[in-house]
$ cat my_file.tsv   # TSV, C-alpha atoms
chain	number	residue	atom	x	y	z
A	14	MET	CA	-14.17	-11.49	49.52
A	15	ALA	CA	-14.71	-13.75	46.53
A	16	ASP	CA	-15.48	-10.71	44.36
A	17	VAL	CA	-12.25	-9.05	45.45
A	18	THR	CA	-10.28	-12.21	44.65
A	19	LEU	CA	-11.87	-12.49	41.19
A	20	GLY	CA	-11.24	-8.81	40.55
A	21	THR	CA	-7.58	-9.17	41.50
A	22	ALA	CA	-7.19	-12.23	39.26
A	23	ALA	CA	-8.77	-10.40	36.34
A	24	LEU	CA	-6.49	-7.42	36.90
A	25	ASP	CA	-3.41	-9.65	37.03
A	26	LYS	CA	-4.49	-11.37	33.80
A	27	ALA	CA	-5.02	-8.01	32.09
A	28	ARG	CA	-1.57	-6.88	33.19
A	29	LEU	CA	-0.02	-10.10	31.88
A	30	VAL	CA	-1.76	-9.75	28.53
A	31	SER	CA	-0.68	-6.11	28.28
A	32	TRP	CA	2.91	-7.08	29.11
A	33	LEU	CA	2.90	-9.83	26.48
A	34	GLN	CA	1.50	-7.43	23.87
A	35	THR	CA	4.24	-4.92	24.56
A	36	TYR	CA	7.25	-7.05	25.44
A	37	GLY	CA	6.37	-10.58	24.31
A	38	VAL	CA	8.41	-10.34	21.11
A	39	TYR	CA	11.53	-9.33	23.05
A	40	ALA	CA	10.97	-12.21	25.47
A	41	GLY	CA	10.62	-14.55	22.49
A	42	VAL	CA	13.94	-13.38	21.05
A	43	ALA	CA	15.62	-13.85	24.45
A	44	VAL	CA	14.20	-17.38	24.80
A	45	LEU	CA	15.35	-18.38	21.32
A	46	LEU	CA	18.83	-17.00	22.00
A	47	ALA	CA	19.03	-18.92	25.27
A	48	VAL	CA	17.77	-22.16	23.75
A	49	ASN	CA	20.17	-21.94	20.80
A	50	ALA	CA	23.07	-21.18	23.11
A	51	VAL	CA	22.42	-24.56	24.73
A	52	ILE	CA	21.37	-26.82	21.86
A	53	THR	CA	22.98	-25.32	18.73
A	54	PRO	CA	26.73	-25.89	18.24
A	55	HIS	CA	28.81	-22.79	17.45
A	56	PHE	CA	25.78	-20.52	17.89
A	57	LEU	CA	27.52	-18.04	20.20
A	58	THR	CA	30.09	-16.91	17.66
A	59	VAL	CA	30.66	-13.54	16.07
A	60	GLU	CA	30.47	-15.05	12.59
A	61	ASN	CA	27.08	-16.64	13.29
A	62	PHE	CA	25.59	-13.41	14.66
A	63	ARG	CA	27.01	-11.54	11.68
A	64	THR	CA	25.41	-14.02	9.29
A	65	GLN	CA	22.03	-13.84	11.01
A	66	ALA	CA	22.11	-10.04	11.02
A	67	VAL	CA	23.01	-9.83	7.33
A	68	GLN	CA	20.22	-12.25	6.41
A	69	VAL	CA	17.57	-10.40	8.39
A	70	ALA	CA	18.58	-6.88	7.27
A	71	PRO	CA	16.45	-6.82	4.06
A	72	VAL	CA	13.43	-8.14	5.97
A	73	ILE	CA	13.82	-5.38	8.56
A	74	ILE	CA	14.02	-2.71	5.87
A	75	VAL	CA	10.87	-3.94	4.12
A	76	ALA	CA	9.07	-4.39	7.44
A	77	LEU	CA	9.77	-0.76	8.38
A	78	GLY	CA	7.80	0.42	5.36
A	79	MET	CA	5.09	-2.14	6.01
A	80	ALA	CA	4.77	-0.91	9.60
A	81	LEU	CA	4.06	2.61	8.35
A	82	VAL	CA	1.38	1.35	5.97
A	83	ILE	CA	-0.23	-0.85	8.61
A	84	GLY	CA	-0.15	2.13	10.95
A	85	THR	CA	-2.62	3.84	8.57
A	86	GLU	CA	-4.83	0.71	8.70
A	87	GLY	CA	-3.57	-0.44	5.32
A	88	VAL	CA	-1.32	-3.13	3.90
A	89	ASP	CA	1.10	-3.34	1.00
A	90	LEU	CA	1.33	-6.66	-0.83
A	91	SER	CA	3.54	-5.27	-3.60
A	92	VAL	CA	6.80	-5.02	-1.63
A	93	GLY	CA	8.15	-8.34	-2.93
A	94	ALA	CA	7.39	-7.30	-6.51
A	95	VAL	CA	9.18	-3.99	-5.92
A	96	MET	CA	12.24	-5.92	-4.74
A	97	ALA	CA	12.15	-7.99	-7.93
A	98	LEU	CA	11.69	-4.83	-10.00
A	99	ALA	CA	14.69	-3.28	-8.24
A	100	ALA	CA	16.78	-6.32	-9.16
A	101	SER	CA	15.77	-6.09	-12.82
A	102	VAL	CA	16.35	-2.35	-13.10
A	103	THR	CA	19.70	-2.59	-11.31
A	104	ALA	CA	20.85	-5.26	-13.73
A	105	LEU	CA	19.71	-3.25	-16.76
A	106	TYR	CA	21.21	0.11	-15.79
A	107	LEU	CA	24.30	-0.93	-13.83
A	108	GLY	CA	26.38	-0.42	-16.96
A	109	TYR	CA	25.84	3.34	-16.61
A	110	GLY	CA	27.24	3.27	-13.07
A	111	LEU	CA	25.87	2.37	-9.66
A	112	LEU	CA	24.47	5.81	-8.82
A	113	PRO	CA	22.47	6.22	-12.07
A	114	ALA	CA	21.13	2.69	-11.63
A	115	LEU	CA	20.04	3.47	-8.06
A	116	LEU	CA	18.29	6.65	-9.22
A	117	VAL	CA	16.34	4.71	-11.85
A	118	VAL	CA	15.44	2.08	-9.25
A	119	ALA	CA	14.16	4.84	-6.95
A	120	LEU	CA	12.10	6.26	-9.82
A	121	PHE	CA	10.45	2.91	-10.57
A	122	ALA	CA	9.73	2.33	-6.88
A	123	ALA	CA	8.27	5.82	-6.47
A	124	VAL	CA	5.94	5.21	-9.41
A	125	VAL	CA	4.70	1.96	-7.83
A	126	GLY	CA	4.21	3.73	-4.49
A	127	LEU	CA	2.36	6.60	-6.17
A	128	ALA	CA	0.08	4.13	-7.94
A	129	ASN	CA	-0.67	2.31	-4.69
A	130	GLY	CA	-1.26	5.55	-2.81
A	131	ALA	CA	-3.44	7.06	-5.50
A	132	LEU	CA	-5.64	3.97	-5.70
A	133	VAL	CA	-6.10	3.99	-1.92
A	134	ALA	CA	-6.33	7.74	-1.28
A	135	PHE	CA	-8.15	9.06	-4.35
A	136	VAL	CA	-9.98	6.12	-5.93
A	137	GLY	CA	-10.95	4.57	-2.60
A	138	VAL	CA	-9.78	1.04	-3.45
A	139	GLN	CA	-9.13	-1.20	-0.45
A	140	PRO	CA	-5.35	-1.35	0.21
A	141	ILE	CA	-5.21	-5.14	-0.06
A	142	VAL	CA	-6.85	-5.00	-3.51
A	143	ALA	CA	-4.85	-2.02	-4.79
A	144	THR	CA	-1.51	-3.45	-3.75
A	145	LEU	CA	-2.42	-6.94	-4.93
A	146	ALA	CA	-2.79	-5.50	-8.44
A	147	LEU	CA	0.67	-3.93	-8.23
A	148	MET	CA	2.05	-7.12	-6.71
A	149	VAL	CA	1.06	-9.07	-9.83
A	150	GLY	CA	1.80	-6.29	-12.31
A	151	GLY	CA	5.12	-5.33	-10.74
A	152	ARG	CA	6.41	-8.89	-10.77
A	153	GLY	CA	5.31	-9.23	-14.38
A	154	LEU	CA	7.11	-6.02	-15.36
A	155	ALA	CA	10.25	-7.20	-13.58
A	156	LEU	CA	10.22	-10.41	-15.61
A	157	VAL	CA	9.62	-8.49	-18.84
A	158	LEU	CA	12.64	-6.28	-18.14
A	159	LEU	CA	14.85	-9.22	-17.11
A	160	PRO	CA	13.39	-12.61	-18.06
A	161	GLN	CA	16.10	-14.64	-16.34
A	162	LEU	CA	18.85	-14.48	-13.76
A	163	LYS	CA	21.78	-12.27	-14.75
A	164	ASP	CA	25.21	-12.34	-13.13
A	165	LEU	CA	26.47	-8.92	-12.11
A	166	ARG	CA	30.19	-8.24	-11.84
A	167	ASN	CA	30.42	-4.68	-10.60
A	168	PRO	CA	32.99	-3.67	-7.94
A	169	ALA	CA	30.81	-0.89	-6.50
A	170	LEU	CA	27.80	-3.17	-6.19
A	171	ALA	CA	29.94	-5.94	-4.73
A	172	SER	CA	31.29	-3.53	-2.13
A	173	LEU	CA	27.75	-2.51	-1.18
A	174	GLY	CA	26.78	-6.14	-0.63
A	175	SER	CA	29.89	-7.41	1.15
A	176	GLY	CA	31.68	-4.31	2.44
A	177	ASP	CA	31.89	-3.30	6.08
A	178	VAL	CA	32.96	-0.57	8.47
A	179	LEU	CA	35.12	-1.79	11.34
A	180	GLY	CA	33.80	-5.30	10.75
A	181	VAL	CA	30.13	-4.28	10.65
A	182	PRO	CA	28.59	-5.01	7.21
A	183	TYR	CA	27.00	-2.18	5.27
A	184	LEU	CA	23.70	-4.08	5.24
A	185	ILE	CA	23.51	-4.02	9.02
A	186	LEU	CA	24.49	-0.35	9.21
A	187	ILE	CA	21.90	0.64	6.59
A	188	ALA	CA	19.12	-1.36	8.27
A	189	THR	CA	20.00	0.12	11.67
A	190	GLY	CA	20.13	3.67	10.32
A	191	LEU	CA	16.79	3.31	8.55
A	192	ALA	CA	15.17	1.84	11.67
A	193	LEU	CA	16.34	4.79	13.76
A	194	LEU	CA	15.19	7.25	11.10
A	195	VAL	CA	11.72	5.72	10.78
A	196	ALA	CA	11.36	5.56	14.58
A	197	PHE	CA	12.23	9.26	14.80
A	198	VAL	CA	9.70	10.14	12.09
A	199	VAL	CA	6.92	8.20	13.79
A	200	ARG	CA	7.57	9.48	17.30
A	201	ARG	CA	8.92	12.98	16.85
A	202	THR	CA	7.47	14.54	13.71
A	203	THR	CA	4.17	16.03	12.65
A	204	PHE	CA	4.02	13.57	9.77
A	205	GLY	CA	4.24	10.66	12.22
A	206	ARG	CA	1.44	12.05	14.38
A	207	ARG	CA	-0.74	12.55	11.31
A	208	LEU	CA	-0.02	9.01	10.14
A	209	LEU	CA	-1.16	7.56	13.47
A	210	ALA	CA	-4.21	9.83	13.56
A	211	ILE	CA	-5.27	8.58	10.12
A	212	GLY	CA	-4.86	4.97	11.23
A	213	ASP	CA	-6.82	5.63	14.38
A	214	SER	CA	-9.78	7.16	12.49
A	215	ARG	CA	-9.59	8.39	8.93
A	216	PRO	CA	-12.97	10.21	9.06
A	217	ALA	CA	-11.92	12.02	12.23
A	218	ALA	CA	-8.60	12.96	10.65
A	219	GLN	CA	-10.43	14.39	7.63
A	220	LEU	CA	-12.76	16.37	9.85
A	221	ALA	CA	-9.74	17.72	11.73
A	222	GLY	CA	-8.38	19.09	8.45
A	223	LEU	CA	-5.40	16.75	8.17
A	224	PRO	CA	-3.99	16.17	4.65
A	225	VAL	CA	-5.12	12.54	4.64
A	226	ARG	CA	-4.58	11.86	0.94
A	227	ARG	CA	-1.12	13.41	0.88
A	228	VAL	CA	-0.01	11.46	3.95
A	229	LEU	CA	-1.30	8.18	2.52
A	230	ILE	CA	0.51	8.72	-0.78
A	231	VAL	CA	3.77	9.55	1.00
A	232	VAL	CA	3.43	6.45	3.19
A	233	TYR	CA	3.00	4.13	0.21
A	234	VAL	CA	5.85	5.80	-1.68
A	235	VAL	CA	8.15	5.42	1.34
A	236	CYS	CA	7.14	1.77	1.69
A	237	ALA	CA	7.98	1.14	-1.97
A	238	LEU	CA	11.31	2.97	-1.70
A	239	LEU	CA	12.30	0.92	1.34
A	240	ALA	CA	11.40	-2.27	-0.53
A	241	ALA	CA	13.57	-1.08	-3.42
A	242	VAL	CA	16.47	-0.48	-1.02
A	243	ALA	CA	16.08	-4.04	0.27
A	244	GLY	CA	15.97	-5.31	-3.31
A	245	VAL	CA	19.17	-3.53	-4.25
A	246	LEU	CA	20.96	-4.76	-1.13
A	247	ALA	CA	19.83	-8.34	-1.73
A	248	THR	CA	20.97	-8.06	-5.35
A	249	ALA	CA	24.33	-6.67	-4.23
A	250	ARG	CA	24.77	-9.53	-1.79
A	251	LEU	CA	23.89	-12.16	-4.40
A	252	GLN	CA	25.83	-10.38	-7.16
A	253	ALA	CA	23.00	-11.32	-9.50
A	254	GLY	CA	19.72	-9.91	-10.73
A	255	ASP	CA	17.05	-12.54	-10.05
A	256	PRO	CA	13.48	-11.21	-10.51
A	257	THR	CA	12.13	-14.75	-10.59
A	258	SER	CA	12.73	-15.55	-6.93
A	259	LEU	CA	13.90	-12.35	-5.24
A	260	GLY	CA	11.24	-10.98	-2.93
A	261	ASN	CA	9.02	-14.07	-3.07
A	262	LEU	CA	6.76	-14.08	0.01
A	263	MET	CA	8.61	-11.04	1.38
A	264	GLU	CA	5.28	-9.31	1.93
A	265	LEU	CA	4.24	-12.11	4.28
A	266	SER	CA	7.54	-11.99	6.16
A	267	ALA	CA	7.22	-8.23	6.57
A	268	ILE	CA	3.61	-8.40	7.76
A	269	THR	CA	4.55	-11.17	10.19
A	270	ALA	CA	7.39	-9.09	11.65
A	271	VAL	CA	5.11	-6.07	12.06
A	272	VAL	CA	2.24	-7.99	13.67
A	273	VAL	CA	4.47	-10.10	15.91
A	274	GLY	CA	6.22	-6.87	16.92
A	275	GLY	CA	3.03	-5.43	18.37
A	276	THR	CA	1.68	-3.14	15.65
A	277	PRO	CA	-2.08	-3.80	15.36
A	278	LEU	CA	-3.61	-4.37	11.93
A	279	THR	CA	-6.34	-1.93	12.95
A	280	GLY	CA	-3.87	0.96	12.66
A	281	GLY	CA	-3.27	3.92	14.92
A	282	ARG	CA	-0.08	2.57	16.44
A	283	VAL	CA	3.37	1.68	15.12
A	284	SER	CA	6.08	-0.14	17.07
A	285	ILE	CA	9.38	0.19	15.23
A	286	GLY	CA	11.43	-1.54	17.92
A	287	GLY	CA	8.89	-4.34	18.01
A	288	THR	CA	8.98	-4.64	14.22
A	289	VAL	CA	12.76	-5.06	14.24
A	290	ALA	CA	12.50	-7.60	17.07
A	291	GLY	CA	9.74	-9.42	15.18
A	292	ALA	CA	11.96	-9.77	12.12
A	293	VAL	CA	14.82	-11.02	14.30
A	294	LEU	CA	12.48	-13.51	16.02
A	295	ILE	CA	11.37	-15.00	12.69
A	296	GLN	CA	14.99	-15.15	11.47
A	297	LEU	CA	16.17	-16.92	14.62
A	298	LEU	CA	13.27	-19.35	14.47
A	299	THR	CA	14.01	-20.18	10.83
A	300	ALA	CA	17.75	-20.50	11.46
A	301	THR	CA	17.15	-22.77	14.46
A	302	LEU	CA	15.02	-25.18	12.48
A	303	ILE	CA	17.45	-25.19	9.54
A	304	LYS	CA	20.50	-25.79	11.76
A	305	HIS	CA	18.77	-28.85	13.22
A	306	ASP	CA	18.00	-30.28	9.75
A	307	LEU	CA	14.24	-29.83	9.87
A	308	PRO	CA	12.47	-29.50	6.49
A	309	PRO	CA	11.30	-26.11	5.13
A	310	SER	CA	7.70	-27.14	5.79
A	311	SER	CA	8.49	-27.14	9.52
A	312	THR	CA	9.67	-23.55	9.25
A	313	GLN	CA	6.45	-22.50	7.56
A	314	ILE	CA	4.34	-24.28	10.18
A	315	ALA	CA	6.34	-22.66	12.99
A	316	GLN	CA	5.90	-19.22	11.44
A	317	ALA	CA	2.16	-19.84	11.12
A	318	ILE	CA	1.98	-20.73	14.82
A	319	VAL	CA	3.86	-17.54	15.73
A	320	ILE	CA	1.48	-15.44	13.61
A	321	VAL	CA	-1.61	-17.02	15.19
A	322	ALA	CA	-0.17	-16.53	18.67
A	323	ALA	CA	0.63	-12.88	17.94
A	324	VAL	CA	-2.82	-12.17	16.53
A	325	TYR	CA	-4.44	-13.92	19.49
A	326	ALA	CA	-2.39	-11.90	21.96
A	327	ALA	CA	-3.23	-8.71	20.08
A	328	ARG	CA	-6.99	-9.18	20.25
A	329	GLY	CA	-8.56	-6.45	22.27
A	330	ARG	CA	-5.54	-4.19	21.89
A	331	GLU	CA	-6.87	-0.66	21.79
A	332	LYS	CA	-5.84	1.96	19.31
A	333	ARG	CA	-3.94	4.88	20.67
$ encode --input "my_file.tsv" --output "structure tokens"
Amino acid sequence: MADVTLGTAALDKARLVSWLQTYGVYAGVAVLLAVNAVITPHFLTVENFRTQAVQVAPVIIVALGMALVIGTEGVDLSVGAVMALAASVTALYLGYGLLPALLVVALFAAVVGLANGALVAFVGVQPIVATLALMVGGRGLALVLLPQLKDLRNPALASLGSGDVLGVPYLILIATGLALLVAFVVRRTTFGRRLLAIGDSRPAAQLAGLPVRRVLIVVYVVCALLAAVAGVLATARLQAGDPTSLGNLMELSAITAVVVGGTPLTGGRVSIGGTVAGAVLIQLLTATLIKHDLPPSSTQIAQAIVIVAAVYAARGREKR
């Protein structure tokens, strides 16, 4: 009888852990919303929700690319530098028009992604080392191109940063559209299945004849392009090119959103919905602390606690 009781308790604990791994981030968002509704004045207003959504949109976009990279059992530390590079290039080429500037930004981002992917796929450098090199080099290049903040007065860029459709800002629409697109790619396409197979076991994927190197390069290029999109949107919202501070610590915010959202660092699985919810959770937590006049150090400590809790809950999570 005692054995049956212990077995039942262990099963219940396993179910609880599994539930927390899958749905814990959504529960966290719900709890924060409920708490703020009670303790934060003017929290339940359309303007506040709009502000929170606009602020979290760039983080979501970068985290989507990071989720794909982590799904291959990698990591990309250069996303913040790519955002800064996008700001510099936008400021330099905006005089030729918004579209030409965006094309040049995409070219720079693609080159960074190709470099990251080539180092990982062909040279065999560990992702954290390869992308760390581009993180430092990319930020340096951004500062060479634009040594200081530059005000940008361009109607098209201003519209991109502050425009809306039926009251919904472009930033929110773009982030939502990209999230749906990435989710579709991961769940419904051959490329998505190959990506997860590589993260699950790269040697097995190679033995199965999958184009491992090509998939890895595409993943890192996509991650860089998404970071560039976030950089352009942040620049449009600020109406200034600021390579000095734009994208600082964005790589950590993106990794936090991905891990908190249930994507294991061991690869083989990607949760896009969880990644979006993870970014929202971090944004709500930060906004809550700021609205109650707590210092920035409190925000960093709170984020650290969330990361540790997420990693602890994820231990033992199996690849699929």
$ residues_around --input "my_file.tsv" --residues "Gly244 (chain A)" --least-positions-apart "4" --cutoff "10 Å" --atoms "only C-alpha atoms" --output "PyMOL selection string"
chain A and resi 71+74-75+92-101+103+118+238-240+248-250+254-256+259-260
$ atom_distance --input "my_file.tsv" --atom1 "CA of Gly130 (chain A)" --atom2 "CA of Leu265 (chain A)"
19.8 Å
$ atom_distance --input "my_file.tsv" --atom1 "CA of Pro182 (chain A)" --atom2 "CA of Ala70 (chain A)"
10.2 Å
$ atom_distance --input "my_file.tsv" --atom1 "CA of Val195 (chain A)" --atom2 "CA of Leu81 (chain A)"
8.6 Å
$ residues_near_point --input "my_file.tsv" --point "(11.6, -5.4, 23.7)" --cutoff "8 Å" --atoms "all atoms listed in the file" --output "JSON list (two decimals) with C-alpha atoms, in the frame of the given file"
[["chain", "number", "residue", "atom", "x", "y", "z"],
["A", 35, "THR", "CA", 4.24, -4.92, 24.56],
["A", 36, "TYR", "CA", 7.25, -7.05, 25.44],
["A", 37, "GLY", "CA", 6.37, -10.58, 24.31],
["A", 38, "VAL", "CA", 8.41, -10.34, 21.11],
["A", 39, "TYR", "CA", 11.53, -9.33, 23.05],
["A", 40, "ALA", "CA", 10.97, -12.21, 25.47],
["A", 286, "GLY", "CA", 11.43, -1.54, 17.92],
["A", 287, "GLY", "CA", 8.89, -4.34, 18.01],
["A", 290, "ALA", "CA", 12.50, -7.60, 17.07]]
$ residues_around --input "my_file.tsv" --residues "Ala143 (chain A)" --least-positions-apart "2" --cutoff "12 Å" --atoms "only C-alpha atoms" --output "MDAnalysis selection string"
chainID A and resid 87:91 125:141 145:150 233
$ closest_residue --input "my_file.tsv" --among "A:Ile73, A:Ala210, A:Val242, A:Val228" --to "Leu116 (chain A)" --atoms "all atoms listed in the file"
A:Val242
$ closest_residue --input "my_file.tsv" --among "A:Val157, A:Leu112, A:Val67, A:Lys163" --to "Gly176 (chain A)" --atoms "only C-alpha atoms"
A:Val67
